[in-house]
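Taking it in order: structure first as structure tokens, then the write-up.
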Amino acid sequence: MPFLNSLKHSIFLRIYAGLLLVCLCVALFAQLLIETINQERIQSYRESMASGAMSLVSSGLVEQPSATQRQYWLNDVSRLFGDKFALQSVDSLEFTASERKRIEQGKTVVRVANNSGFADIFQPIADENKVISVRISQVTEQKVRAIAILLLNDLSQYPTRELKQARLNEIGQQFSFPLMLDDVDRLGLDDDQLRRIRGNEVVILFRDSTRIDDSSIRVLAPTQVRDVAVVMGPVKLFKWFPFNLIISVVLISMFLISLGVYALIFPLERKLQLIQSGVNEVSDGNLDARVQLDGQDEIARLGATFNAMTQHIKRLIESQRELTRAVSHELRTPVARIRFAVDMLADTDDADSREMQKNFIDEDIESLNSLIDEILTYAKLEEGSPKLDMEAVNLKDLIDQIVRETNALGKPIEVVGNPPSAKVTAVADHRYLHRVIQNLAGNALRYADGKIIVSAGVRRGKAFVSVEDDGQGIPEADRDKVFIPFARLDDSRTRASGGYGLGLSIVSRIAFWFHGEMSVDESPELGGARFIMRWPAKPLTQTIVADTLTQEQSERKLIEEGSV
């Protein structure tokens with residue numbers, strides 16, 4: 001599961017998965033685009049190819065003087081093409097809006113039925129509400145020859161070459177390929193092709209191309225003029241993937257992919273810009289700078305780490321400032337007592353008095369040593385989280401050990417253990433957890449009137465240890481202050497009982513390492529103070545994203561009040 005969670009929020013996976021998705025979407029879009037464009041191209045190609053032949057059929061039909069002769073004409077054309085041509089009323093056919101518009105403009109309409117294998121072609125007749133219709137399944141050599149025959153039939157009415165060329169120029173406007181007259185000797189035909197065209201046969205020439213140019217065909221039909229033929233074409237064959245279409249689709253695809261990549265990279269770039277802005281503010285001395293980043297990827301965690309770092313630096317600077325003032329205050333008293341005792345030693349010759357002053361000096365030196373040890377311990381804890389040896393700690397054994405060690409001090413205080421069952425364990429560093437309970441018990445010994453209760457257990461996935469006493473307790477307004485270094489709620493009483501206000505700060509720091517919290521309230525059983533530390537009973541897999549100590553709020557309050 002941790003591996004899957006790390007993959008889920010991995011920038012590498014998100015970018016490459018997003019890039020794969022973008023490429024897939026662009027590929028699908030490119031395919032759809034090519035299919036759509038080709039559908040339009042093939043439809044336009046079909047209509048342009050059919051318009052010339054159908055215009056010849058239409059012009060021949062219009063020239064027929066009667067309905068009977070018109071029918072004869074259609075029958076002849078049907079035999080020529082091998083498909084049934086018919087004359088129908090426009091109103092009897094169901095045309096779409098675009099098809100009807102083409103009919104009204106006198107243009108040919110080609111309707112291809114889906115998966116039917118045939119196409120219906122409709123050619124409007126000028127000044128009549130009728131169309132010529134034909135259904136074809138494929139373009140064959142017979143149909144190509146039929147077009148050539150219809151063209152020769154039309155040109156037979158023009159005896160000279162000049163008149164024939166003029167007619168070709170006129171009807172060529174209905175064709176999508178060129179129509180022209182040329183000498184047979186100039187067409188580059190072989191002997192067989194020359195023999196066939198001079199024998200009044202239609203010759204079809206195919207030109208295959210493996211280059212950029214499209215493959216094409218030319219149709220040669222002999223005319224009444226000797227050694228002169230009608231050249232139809234070149235008629236370019238339809239090309240599904242022309243070079244310009246491929247280039248256009250590639251350019252569009254590259255543009256879309258670049259937009260997709262930009263959309264993937266822009267949020268990351270924006271986050272990095274925010275982090276850079278925060279770094280610039282911190283470098284200018286603004287330790288209140290924070291970056292607000294959404295998400296749980298590496299950059300978001302980097303932003304959270306940056307916030308934790310700046311907050312930690314600010315707290316360390318404030319703590320160092322307060323620690324310096326507090327240490328100077330704490331050192332002043334024992335140093336003054338030592339100086340006074342030294343002066344007394346110099347002014348007295350009494351052996352008992354000198355021995356008493358010597359003992360006082362020893363006590364003050366021991367007090368200084370204890371204070372220095374506490375300061376060094378607190379400073380070491382402030383440097384950062386040490387390497388914790390997390391293991392399953394048996395809470396019953398630990399509580400029994402603390403009760404035994406506390407009673408061994410010989411204080412006139414009853415120390416009672418309230419451990420859980422022998423099977424209850426919690427994941428923690430045994431050494432630091434022992435120190436937490438030991439510090440809390442030692443703190444309770446100084447203020448208890450006669451009894452201390454040490455408890456532990458696990459509830460709803462949270463492990464806890466608590467120490468409560470029957471002393472005077474702590475006022476609710478002052479409970480947050482007890483975790484601040486060198487903070488004293490009752491200075492005279494603290495001096496009488498010993499201590500420098502660092503024990504609970506150390507406990508609070510260890511609780512933070514355990515991903516837990518410290519709290520203090522009133523003991524429901526003894527009426528004094530109750531200190532509780534709670535932390536997750538099972539190992540945490542997530543990363544700490546902010547250095548929020550439990551005493552942060554109280555530190556702020558105390559600094560504002562100037563009580564330290």
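So you can find residues: chains in the structure tokens are A, B, ... in the order shown, residues in each start at 1, and ligands are numbered from 1 in order.
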With a distance cut-off of 8 Å and only C-alpha atoms, select the neighbouring residues of region 157-174 of chain A, excluding the residue or stretch itself and same-chain residues fewer than 3 positions from it, and output the selection as a compact mmCIF listing (two decimals) with C-alpha atoms, in the first residue's frame.
# COMPACT_ATOMS: atom_id res chain seq x y z
CA SER A 51 -20.99 15.31 -63.09
CA GLY A 52 -19.32 15.11 -66.53
CA SER A 55 -24.20 16.15 -67.97
CA ASN A 153 -21.60 11.30 -80.08
CA ASP A 154 -21.82 14.88 -78.91
CA PHE A 177 -10.45 16.58 -65.66
CA PRO A 178 -9.23 18.17 -68.90
CA LEU A 179 -10.71 17.40 -72.35
CA MET A 180 -8.69 18.16 -75.45
CA LEU A 181 -7.94 17.09 -79.02
CA GLN A 224 -14.04 11.76 -87.36
CA VAL A 225 -10.94 13.82 -88.10
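The protein and nucleic acid residues lying at most 9 Å from Pro475 (chain A) are Asp478, Arg479, Asp521 and Glu522 of chain A, with only C-alpha atoms considered and sequence neighbours fewer than 3 positions away removed.
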What separates CA of Pro124 (chain A) and CA of Ala97 (chain A) is a distance of 15.3 Å
### Task
Please report, as a PyMOL selection string, each residue of region 194-420 of chain A to which DSSP assigns strand (DSSP E or B) when run on this structure's backbone.
chain A and resi 203-207+216-222+228-236+390-394+414-418
I'd like the contact shell of region 280-289 of chain A - 10 Å cut-off, only C-alpha atoms, skipping same-chain residues fewer than 5 positions apart - returned as a PyMOL selection string. chain A and resi 274-275+306-307+309-315
Report task. Fewer than 4 positions away in the same chain doesn't count, so skip those; otherwise give me all residues within 8 Å of Ile125 (chain A), counting only C-alpha atoms, as a PyMOL selection string. Result -> chain A and resi 58+62+106+129-132
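Residues in contact with region 257-259 of chain A at 7 Å, where only C-alpha atoms are counted and same-chain residues fewer than 6 positions away are skipped, are listed as Val22, Cys23 and Val26 of chain A.
When only C-alpha atoms are used to measure the gap to Val415 (chain A), the shortest distance among A:Ile399, A:Tyr262, A:Leu21, A:Ser519 belongs to A:Ile399.
Near Gly18 (chain A), within 9 Å and counting only C-alpha atoms, sit A:Gly260, A:Val261, A:Leu264; same-chain residues fewer than 6 positions away were not included.
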Just write the chosen residues, N, CA and C atoms, as a CSV table (one decimal), in the first residue's frame.
chain,number,residue,atom,x,y,z
A,260,GLY,N,-1.4,19.8,-24.6
A,260,GLY,CA,-1.6,18.8,-23.5
A,260,GLY,C,-0.4,18.8,-22.6
A,261,VAL,N,0.8,18.8,-23.2
A,261,VAL,CA,2.0,18.8,-22.3
A,261,VAL,C,2.1,20.1,-21.5
A,264,LEU,N,-0.1,19.8,-18.6
A,264,LEU,CA,0.5,18.9,-17.6
A,264,LEU,C,1.6,19.6,-16.8
Each region 407-442 of chain A residue no farther than 9 Å from region 451-457 of chain A, nearest pair in Å, only C-alpha atoms, as a tab-separated table:
residue	atom	partner	partner_atom	distance
A:Pro412	CA	A:Lys451	CA	9.0
A:Ile413	CA	A:Lys451	CA	5.4
A:Glu414	CA	A:Lys451	CA	4.6
A:Val415	CA	A:Ile452	CA	4.8
A:Val416	CA	A:Ile453	CA	4.8
A:Gly417	CA	A:Val454	CA	4.8
A:Asn418	CA	A:Ser455	CA	4.5
A:Pro419	CA	A:Ser455	CA	5.4
A:Pro420	CA	A:Gly457	CA	5.4
A:Ser421	CA	A:Gly457	CA	8.5
A:Val424	CA	A:Gly457	CA	7.1
A:Thr425	CA	A:Gly457	CA	8.2
A:Ala426	CA	A:Gly457	CA	8.5
A:Ile437	CA	A:Val454	CA	8.2
A:Ala441	CA	A:Val454	CA	7.6
* Who sits within 7 Å of Val235 (chain A), only C-alpha atoms, same chain under 4 positions skipped, as a ChimeraX atom specification -> /A:177,216-218
